[in-house]
$ cat input_16.csv   # CSV, C-alpha atoms
chain,number,residue,atom,x,y,z
A,1,MET,CA,80.2,152.3,101.4
A,2,ALA,CA,78.1,151.7,98.4
A,3,GLN,CA,75.6,148.8,98.5
A,4,GLY,CA,77.1,145.7,96.9
A,5,ALA,CA,80.7,146.9,97.1
A,6,PRO,CA,83.1,144.0,97.6
A,7,ARG,CA,84.2,143.4,101.2
A,8,ARG,CA,87.8,144.2,101.9
A,9,GLN,CA,89.9,141.0,102.7
A,10,PRO,CA,91.6,141.1,106.1
A,11,THR,CA,95.3,141.3,106.1
A,12,LEU,CA,98.0,139.2,107.8
A,13,ASP,CA,98.8,142.2,110.1
A,14,GLU,CA,95.2,142.2,111.3
A,15,VAL,CA,95.4,138.4,112.0
A,16,ALA,CA,98.5,138.9,114.0
A,17,GLU,CA,97.0,141.8,115.9
A,18,ARG,CA,93.8,139.8,116.7
A,19,ALA,CA,95.9,136.8,117.8
A,20,GLY,CA,98.2,139.0,119.9
A,21,VAL,CA,101.4,137.8,118.1
A,22,SER,CA,103.9,139.4,115.8
A,23,ARG,CA,103.4,139.3,112.0
A,24,SER,CA,106.3,136.8,111.6
A,25,VAL,CA,104.8,134.4,114.2
A,26,ALA,CA,101.5,134.6,112.4
A,27,SER,CA,103.2,133.8,109.1
A,28,ARG,CA,105.1,130.9,110.6
A,29,ALA,CA,101.9,129.5,112.2
A,30,LEU,CA,100.0,129.7,108.9
A,31,ASN,CA,102.7,128.0,107.0
A,32,ASN,CA,103.1,125.1,109.5
A,33,ALA,CA,106.7,126.2,110.3
A,34,PRO,CA,108.4,124.8,113.4
A,35,HIS,CA,109.2,126.6,116.6
A,36,VAL,CA,105.7,128.1,117.1
A,37,SER,CA,104.1,127.2,120.4
A,38,ARG,CA,100.8,125.4,120.4
A,39,ALA,CA,99.1,128.3,122.2
A,40,LYS,CA,100.2,130.9,119.6
A,41,ARG,CA,99.3,128.6,116.7
A,42,GLU,CA,95.8,128.1,118.1
A,43,ALA,CA,95.5,131.9,118.7
A,44,VAL,CA,96.4,132.5,115.0
A,45,GLU,CA,94.0,129.8,113.8
A,46,ARG,CA,91.2,131.3,115.9
A,47,ALA,CA,91.9,134.8,114.5
A,48,VAL,CA,91.9,133.4,111.0
A,49,ARG,CA,88.4,131.9,111.6
A,50,GLN,CA,87.0,135.1,113.2
A,51,LEU,CA,88.3,137.4,110.5
A,52,GLY,CA,87.7,135.1,107.6
A,53,TYR,CA,91.3,135.5,106.5
A,54,VAL,CA,92.3,133.6,103.3
A,55,PRO,CA,96.1,133.4,102.6
A,56,ASN,CA,97.3,134.5,99.2
A,57,PRO,CA,98.8,131.3,97.7
A,58,THR,CA,101.4,133.3,95.6
A,59,ALA,CA,102.6,135.3,98.6
A,60,ARG,CA,102.7,132.3,100.7
A,61,ALA,CA,104.8,130.4,98.2
A,62,LEU,CA,107.2,133.3,97.9
A,63,ALA,CA,107.4,133.8,101.7
A,64,THR,CA,108.1,130.1,102.4
A,65,ARG,CA,109.8,129.1,99.1
A,66,GLN,CA,107.4,126.2,99.1
A,67,THR,CA,105.0,125.0,96.4
A,68,GLY,CA,102.3,123.6,98.7
A,69,ALA,CA,102.5,120.2,97.1
A,70,ALA,CA,104.1,116.8,97.8
A,71,ALA,CA,104.7,114.1,95.1
A,72,LEU,CA,104.0,110.4,95.5
A,73,VAL,CA,106.3,108.7,92.9
A,74,ILE,CA,105.6,105.1,92.1
A,75,SER,CA,108.2,103.2,90.0
A,76,GLY,CA,105.9,101.6,87.5
A,77,GLU,CA,104.9,101.8,83.8
A,78,ASP,CA,101.2,101.0,83.9
A,79,PRO,CA,98.8,103.8,85.1
A,80,SER,CA,96.4,101.1,86.3
A,81,ILE,CA,98.8,100.6,89.2
A,82,PHE,CA,97.1,103.5,91.0
A,83,ALA,CA,93.9,101.4,91.0
A,84,ASP,CA,95.6,98.4,92.6
A,85,PRO,CA,94.0,98.1,96.1
A,86,PHE,CA,97.3,98.3,97.8
A,87,PHE,CA,98.4,101.6,96.2
A,88,ALA,CA,94.8,102.9,96.4
A,89,GLN,CA,94.9,102.6,100.2
A,90,VAL,CA,98.4,104.2,100.3
A,91,ILE,CA,97.0,107.1,98.4
A,92,VAL,CA,94.1,107.5,100.7
A,93,GLY,CA,96.3,107.6,103.7
A,94,ALA,CA,98.8,110.0,102.2
A,95,SER,CA,96.2,112.3,100.9
A,96,ALA,CA,94.4,112.6,104.2
A,97,ALA,CA,97.7,113.4,106.1
A,98,LEU,CA,98.7,116.0,103.5
A,99,GLU,CA,95.3,117.6,103.6
A,100,GLU,CA,95.6,118.1,107.3
A,101,ALA,CA,98.9,119.9,106.7
A,102,GLY,CA,97.5,122.0,103.8
A,103,LEU,CA,99.5,120.3,101.1
A,104,HIS,CA,98.3,119.0,97.8
A,105,LEU,CA,99.1,115.4,96.6
A,106,MET,CA,100.8,114.9,93.2
A,107,LEU,CA,100.8,111.4,91.7
A,108,CYS,CA,103.7,110.5,89.4
A,109,LEU,CA,104.4,107.2,87.6
A,110,ALA,CA,108.0,106.6,86.7
A,111,ALA,CA,109.7,103.5,85.3
A,112,SER,CA,110.0,104.2,81.6
A,113,GLU,CA,112.7,106.7,80.4
A,114,ARG,CA,109.9,109.2,79.7
A,115,GLY,CA,108.4,108.8,83.2
A,116,ARG,CA,111.8,109.2,84.9
A,117,LYS,CA,112.5,112.3,82.9
A,118,ARG,CA,109.3,113.9,84.0
A,119,VAL,CA,110.1,113.2,87.6
A,120,ALA,CA,113.6,114.5,87.2
A,121,GLU,CA,112.2,117.7,85.8
A,122,LEU,CA,109.8,118.0,88.8
A,123,VAL,CA,112.6,117.5,91.3
A,124,ARG,CA,115.2,119.7,89.7
A,125,GLY,CA,112.7,122.4,89.2
A,126,LYS,CA,111.6,122.2,92.8
A,127,GLY,CA,108.0,121.6,91.6
A,128,ALA,CA,107.2,120.0,94.9
A,129,ASP,CA,108.2,120.5,98.5
A,130,GLY,CA,109.1,116.9,99.0
A,131,VAL,CA,108.8,113.4,97.5
A,132,MET,CA,107.6,110.0,98.6
A,133,LEU,CA,109.1,107.1,96.7
A,134,MET,CA,107.5,103.7,96.4
A,135,ALA,CA,107.9,100.3,94.5
A,136,LEU,CA,111.6,100.9,93.8
A,137,ARG,CA,113.5,97.9,92.3
A,138,GLU,CA,117.2,97.1,92.6
A,139,GLY,CA,119.3,99.7,90.8
A,140,ASP,CA,116.4,102.1,90.3
A,141,PRO,CA,117.9,105.5,89.4
A,142,LEU,CA,115.0,107.2,91.2
A,143,ALA,CA,116.5,106.2,94.6
A,144,GLY,CA,119.3,108.8,94.3
A,145,LEU,CA,117.5,111.4,92.1
A,146,ALA,CA,115.6,113.4,94.7
A,147,GLU,CA,118.4,113.2,97.3
A,148,GLN,CA,120.9,114.6,94.8
A,149,ALA,CA,118.5,117.6,94.3
A,150,GLY,CA,118.5,118.3,98.1
A,151,MET,CA,114.8,117.8,98.5
A,152,PRO,CA,113.1,116.0,101.4
A,153,VAL,CA,112.6,112.4,100.5
A,154,VAL,CA,110.6,109.6,102.3
A,155,PHE,CA,110.8,106.0,101.1
A,156,GLY,CA,107.7,103.8,101.3
A,157,GLY,CA,109.6,100.5,101.9
A,158,ARG,CA,113.3,100.4,101.8
A,159,PRO,CA,115.2,100.1,98.6
A,160,VAL,CA,117.3,97.0,97.9
A,161,GLY,CA,120.8,97.2,99.4
A,162,SER,CA,120.5,100.5,101.3
A,163,THR,CA,118.9,102.0,104.3
A,164,PRO,CA,117.7,105.6,103.6
A,165,ARG,CA,117.6,108.1,106.3
A,166,TRP,CA,113.8,108.5,106.3
A,167,TYR,CA,111.5,105.6,105.5
A,168,VAL,CA,108.2,103.9,106.5
A,169,ASP,CA,108.0,100.2,106.1
A,170,ALA,CA,106.1,97.1,107.4
A,171,ASP,CA,107.6,94.2,109.3
A,172,ASN,CA,107.8,92.1,106.1
A,173,THR,CA,110.2,89.5,107.4
A,174,GLY,CA,108.3,89.0,110.7
A,175,GLY,CA,104.9,88.8,109.0
A,176,ALA,CA,106.1,86.3,106.4
A,177,ARG,CA,107.7,84.2,109.2
A,178,GLU,CA,104.5,84.2,111.2
A,179,ALA,CA,102.4,83.1,108.2
A,180,THR,CA,104.7,80.3,107.3
A,181,GLU,CA,104.9,79.1,111.0
A,182,TYR,CA,101.2,79.0,111.0
A,183,LEU,CA,101.1,76.8,108.0
A,184,LEU,CA,103.6,74.5,109.6
A,185,SER,CA,101.6,74.4,112.8
A,186,ARG,CA,98.7,73.0,110.8
A,187,GLY,CA,100.8,69.9,110.0
A,188,ARG,CA,102.0,71.1,106.6
A,189,ARG,CA,105.5,70.0,105.6
A,190,ARG,CA,105.8,70.7,101.9
A,191,VAL,CA,105.3,74.4,102.1
A,192,ALA,CA,106.3,76.5,99.1
A,193,THR,CA,106.4,80.2,98.6
A,194,ILE,CA,105.4,82.5,95.8
A,195,CYS,CA,107.8,85.2,96.8
A,196,GLY,CA,107.2,88.2,94.6
A,197,ARG,CA,109.9,90.1,92.8
A,198,LEU,CA,113.3,89.5,94.2
A,199,ASP,CA,114.6,92.8,92.9
A,200,THR,CA,112.5,94.5,95.5
A,201,GLU,CA,113.2,94.6,99.2
A,202,ALA,CA,109.6,93.5,100.1
A,203,GLY,CA,110.0,90.4,97.9
A,204,ARG,CA,113.4,89.6,99.5
A,205,ALA,CA,112.3,90.3,103.1
A,206,ARG,CA,109.2,88.1,102.8
A,207,TYR,CA,111.2,85.3,101.3
A,208,ARG,CA,113.6,85.6,104.2
A,209,GLY,CA,110.7,85.3,106.6
A,210,TYR,CA,109.5,82.1,104.8
A,211,ARG,CA,113.0,80.6,104.8
A,212,ASP,CA,113.6,81.4,108.5
A,213,ALA,CA,110.4,79.7,109.5
A,214,MET,CA,111.2,76.6,107.4
A,215,LEU,CA,114.8,76.3,108.7
A,216,GLY,CA,113.6,76.9,112.2
A,217,ALA,CA,111.3,73.9,111.9
A,218,GLY,CA,114.2,71.8,110.6
A,219,ILE,CA,112.7,71.6,107.1
A,220,GLU,CA,114.6,72.4,103.9
A,221,PRO,CA,112.8,75.3,102.1
A,222,LEU,CA,111.6,74.7,98.5
A,223,PRO,CA,113.2,77.0,95.9
A,224,PRO,CA,111.3,80.3,95.7
A,225,ARG,CA,108.9,80.7,92.8
A,226,GLU,CA,109.1,84.3,91.8
A,227,ALA,CA,106.1,86.3,90.5
A,228,ASP,CA,105.3,90.0,89.9
A,229,PHE,CA,102.8,90.7,92.8
A,230,THR,CA,99.8,90.4,90.4
A,231,GLU,CA,96.9,87.9,90.4
A,232,ALA,CA,98.0,86.6,86.9
A,233,GLY,CA,101.6,86.2,88.2
A,234,GLY,CA,100.4,84.2,91.2
A,235,ALA,CA,98.2,81.9,89.0
A,236,ALA,CA,101.1,81.2,86.7
A,237,ALA,CA,103.5,80.6,89.6
A,238,MET,CA,101.1,78.2,91.3
A,239,ALA,CA,100.8,76.2,88.0
A,240,ALA,CA,104.6,75.9,87.9
A,241,LEU,CA,104.8,74.8,91.5
A,242,LEU,CA,102.2,72.1,90.9
A,243,ALA,CA,104.2,70.9,87.9
A,244,GLU,CA,107.5,70.8,89.8
A,245,HIS,CA,106.3,69.9,93.3
A,246,GLY,CA,103.0,68.0,93.0
A,247,ASP,CA,103.1,67.1,96.7
A,248,VAL,CA,103.1,70.7,97.9
A,249,ASP,CA,100.6,70.9,100.8
A,250,GLY,CA,101.0,74.6,101.8
A,251,VAL,CA,101.8,77.9,100.0
A,252,PHE,CA,102.8,81.3,101.4
A,253,ALA,CA,102.2,84.0,98.7
A,254,ALA,CA,104.0,87.3,99.3
A,255,ASN,CA,100.8,89.3,98.7
A,256,ASP,CA,97.1,88.8,98.4
A,257,ASN,CA,96.9,89.4,94.7
A,258,MET,CA,99.2,86.5,94.0
A,259,ALA,CA,97.4,84.3,96.6
A,260,VAL,CA,94.1,84.9,94.9
A,261,GLY,CA,95.6,83.9,91.6
A,262,ALA,CA,97.1,80.8,93.2
A,263,LEU,CA,93.7,79.9,94.6
A,264,ARG,CA,92.2,80.0,91.2
A,265,THR,CA,94.9,77.7,89.8
A,266,LEU,CA,94.4,75.2,92.6
A,267,ARG,CA,90.6,75.2,92.1
A,268,GLU,CA,91.1,74.6,88.3
A,269,ALA,CA,93.6,71.8,89.1
A,270,GLY,CA,91.0,70.1,91.4
A,271,ARG,CA,93.1,70.7,94.6
A,272,ALA,CA,91.0,71.3,97.6
A,273,VAL,CA,91.9,74.3,99.8
A,274,PRO,CA,92.7,73.9,102.7
A,275,ALA,CA,92.2,70.1,102.8
A,276,GLU,CA,95.0,69.4,100.3
A,277,VAL,CA,96.8,72.7,100.1
A,278,ALA,CA,96.7,75.4,102.7
A,279,MET,CA,97.2,79.0,101.5
A,280,ALA,CA,98.3,82.2,103.2
A,281,GLY,CA,98.9,85.7,101.7
A,282,PHE,CA,100.2,89.1,102.8
A,283,ASP,CA,98.5,92.5,103.0
A,284,ASP,CA,94.9,91.8,104.1
A,285,LEU,CA,93.2,93.6,101.3
A,286,ALA,CA,89.5,93.4,100.6
A,287,ALA,CA,90.2,90.6,98.1
A,288,ALA,CA,91.4,88.4,101.0
A,289,ARG,CA,88.0,88.6,102.6
A,290,VAL,CA,86.0,87.7,99.5
A,291,ALA,CA,88.3,85.1,98.1
A,292,ASP,CA,87.1,81.5,97.7
A,293,PRO,CA,87.8,80.3,100.4
A,294,PRO,CA,88.5,83.5,102.4
A,295,LEU,CA,92.2,84.0,102.7
A,296,THR,CA,94.4,83.6,105.7
A,297,THR,CA,96.8,86.5,105.4
A,298,VAL,CA,99.2,88.9,107.1
A,299,HIS,CA,97.6,92.2,107.9
A,300,GLN,CA,99.8,95.2,107.3
A,301,PRO,CA,98.3,98.7,107.9
A,302,VAL,CA,98.4,99.9,104.3
A,303,THR,CA,96.5,103.1,104.8
A,304,ALA,CA,98.7,103.9,107.8
A,305,LEU,CA,101.7,103.3,105.6
A,306,GLY,CA,100.6,106.2,103.3
A,307,ARG,CA,99.6,108.4,106.2
A,308,GLU,CA,102.9,108.0,108.1
A,309,MET,CA,104.9,108.6,104.9
A,310,ALA,CA,103.1,111.8,104.4
A,311,ARG,CA,103.4,112.9,108.1
A,312,MET,CA,107.1,112.2,108.0
A,313,LEU,CA,107.5,114.2,104.8
A,314,VAL,CA,105.5,117.1,106.4
A,315,ALA,CA,107.8,117.0,109.4
A,316,LEU,CA,110.9,117.2,107.1
A,317,VAL,CA,109.4,120.1,105.1
A,318,GLY,CA,108.9,121.8,108.5
A,319,GLY,CA,112.5,121.5,109.4
A,320,GLN,CA,112.2,118.5,111.8
A,321,ASP,CA,114.3,115.3,111.7
A,322,PRO,CA,111.9,112.3,112.1
A,323,THR,CA,113.0,108.8,112.8
A,324,PRO,CA,112.3,105.8,110.5
A,325,LEU,CA,109.2,103.8,111.2
A,326,ILE,CA,108.5,100.1,111.0
A,327,LEU,CA,104.8,99.3,111.2
A,328,PRO,CA,103.7,96.1,112.9
A,329,THR,CA,101.9,93.2,111.1
A,330,ARG,CA,99.6,90.5,112.4
A,331,LEU,CA,98.2,87.2,111.1
A,332,VAL,CA,94.5,87.1,110.3
A,333,VAL,CA,93.3,83.5,110.1
A,334,ARG,CA,90.5,82.6,107.7
A,335,ALA,CA,89.3,79.5,105.9
A,336,SER,CA,92.2,79.0,103.5
A,337,ALA,CA,94.5,77.6,106.1
$ encode --input "input_16.csv" --output "C-alpha cells"
Amino acid sequence: MAQGAPRRQPTLDEVAERAGVSRSVASRALNNAPHVSRAKREAVERAVRQLGYVPNPTARALATRQTGAAALVISGEDPSIFADPFFAQVIVGASAALEEAGLHLMLCLAASERGRKRVAELVRGKGADGVMLMALREGDPLAGLAEQAGMPVVFGGRPVGSTPRWYVDADNTGGAREATEYLLSRGRRRVATICGRLDTEAGRARYRGYRDAMLGAGIEPLPPREADFTEAGGAAAMAALLAEHGDVDGVFAANDNMAVGALRTLREAGRAVPAEVAMAGFDDLAAARVADPPLTTVHQPVTALGREMARMLVALVGGQDPTPLILPTRLVVRASA
C-alpha cells in the first residue's frame, strides 16, 4: 500500500464477524432497536470500538427509516422562552438523554400560525423520529397534530381536558397543597394564590392544590388571581391582590418567576416578608435561592422532567410501550415563609 493512502473503513459485516453475531443483529444493536440481548449489544459495541467503525448516517436512516432526531416543541411565540430557567433545565435533561441514545435534539417554537405551520410540515414530512410537546394551552391544535401523523408523541405535562397515552408530569396538585398547608401551619389565614394561566393543566392543578388545602383547613379560598407565569405577571397580580385584599397575610404563587415578581411588589409596598406576608412558590429554580428573602418553594425535578420525556420517546421509537410517569415534588423551606 502506498504511503499516505487513506485507511479503508471497516464494514458492518466485519463488525458482526468480530462480535460473533449476524449482520442483522449488529445493525439492530447499532440502531438501538429492541429485542437485542444485552450481551450481544455489548459485543457489538466492543467490536465497533476495536475496529473504529463509523456508521454511515444515510445508510442508517434508510435501514431504520429514522431521521436520528427528536423534536421538542414548545407552544409559545417568544424565542426568549428557551432562555427561561425552567425550559432551559428541561432542554438540558432532554438533550443529555437523547445524546445517550444517539439522537439529535431539535427545538421548535409554535404558537403563531406560522410556527404551527412549520411544526405541521416537520411532522407530516416525518422530519423527526418523535416529538415532545410542552406548554400546551386549552384547545391547542398541536395536541392532536403529531398523533394524527402516526408519530411517537410524549407530552411534558398533560394537556387540559385529556390524558394522553404517554406523558411525564410533576405532582402539581400535591405540591401546591403542601405549600399552602405550610403557609397555614405558620398561622396565616388570609392566604391568596397567584395561580398561573388557567388554560393550562399546570395552572389548574396548582390552583386545585391551593383550594384543597384551604378547604381542608375550613377556610374559604380567595378568588384566584391569574397571571402568565412570568415575573412581570406575578408583580402585577400581587399589586391587584393588595388592592382587593389588603389584609392578605400569605401567598402561594404557582411558579418561582411569579413569586419573585410578587416579592418585588410587596417590597415596594412596604410589606415585610415574611413578618406581614409569607410567600411560597413552585419549581425551586435558581431564582428562588437568590430571591430577597430566599424563597420557600416546591421543588420539582425540572431537569429530570426533560430527561424522562426523552427516555420515554426513545423507548417509543424503539418499539416499546412505556407507562406515563408522575415525578414527585417536595417543599423546600427558606426565609420567605
$ closest_residue --input "input_16.csv" --among "A:Leu142, A:Ala120, A:Val314, A:Met309" --to "Leu327 (chain A)" --atoms "all atoms listed in the file"
A:Met309
$ closest_residue --input "input_16.csv" --among "A:Met258, A:Ala88, A:Val248, A:Ala335" --to "Ala236 (chain A)" --atoms "all atoms listed in the file"
A:Met258
$ closest_atom_pairs --input "input_16.csv" --of "region 8-122 of chain A" --to "region 264-285 of chain A" --cutoff "12 Å" --atoms "all atoms listed in the file" --output "CSV"
residue,atom,partner,partner_atom,distance
A:Asp84,CA,A:Leu285,CA,10.2
A:Pro85,CA,A:Leu285,CA,6.9
A:Phe86,CA,A:Leu285,CA,7.2
A:Phe87,CA,A:Leu285,CA,10.8
A:Ala88,CA,A:Leu285,CA,10.6
A:Gln89,CA,A:Leu285,CA,9.2
A:Val90,CA,A:Leu285,CA,11.8
$ write_last_selection --input "input_16.csv" --atoms "C-alpha atoms" --output "PDB file, in the coordinates of the input"
ATOM      1  CA  ASP A  84      95.600  98.400  92.600  1.00  0.00           C
ATOM      2  CA  PRO A  85      94.000  98.100  96.100  1.00  0.00           C
ATOM      3  CA  PHE A  86      97.300  98.300  97.800  1.00  0.00           C
ATOM      4  CA  PHE A  87      98.400 101.600  96.200  1.00  0.00           C
ATOM      5  CA  ALA A  88      94.800 102.900  96.400  1.00  0.00           C
ATOM      6  CA  GLN A  89      94.900 102.600 100.200  1.00  0.00           C
ATOM      7  CA  VAL A  90      98.400 104.200 100.300  1.00  0.00           C
TER       8      VAL A  90
END
$ atom_distance --input "input_16.csv" --atom1 "CA of Ala176 (chain A)" --atom2 "CA of Thr297 (chain A)"
9.4 Å
$ atom_distance --input "input_16.csv" --atom1 "CA of Tyr210 (chain A)" --atom2 "CA of Thr180 (chain A)"
5.7 Å
$ atom_distance --input "input_16.csv" --atom1 "CA of Thr323 (chain A)" --atom2 "CA of Tyr167 (chain A)"
8.1 Å
$ closest_residue --input "input_16.csv" --among "A:Arg114, A:Arg177, A:Arg23, A:His104" --to "Ala71 (chain A)" --atoms "only C-alpha atoms"
A:His104
$ residues_near_point --input "input_16.csv" --point "(105.6, 86.7, 111.5)" --cutoff "12 Å" --atoms "all atoms listed in the file" --output "JSON, numbers by chain"
{"A": [170, 171, 172, 173, 174, 175, 176, 177, 178, 179, 180, 181, 182, 183, 205, 206, 207, 208, 209, 210, 211, 212, 213, 252, 280, 281, 282, 297, 298, 299, 300, 328, 329, 330, 331, 332]}
$ residues_near_point --input "input_16.csv" --point "(109.7, 115.4, 108.4)" --cutoff "12 Å" --atoms "all atoms listed in the file" --output "ChimeraX atom specification"
/A:32-34,101,129-132,151-155,165-168,308-325
$ residues_around --input "input_16.csv" --residues "Arg49 (chain A)" --least-positions-apart "4" --cutoff "12 Å" --atoms "all atoms listed in the file" --output "list in words"
Pro10, Val15, Arg18, Ala19, Glu42, Ala43, Val44, Glu45, Tyr53, Val54 and Pro55 of chain A
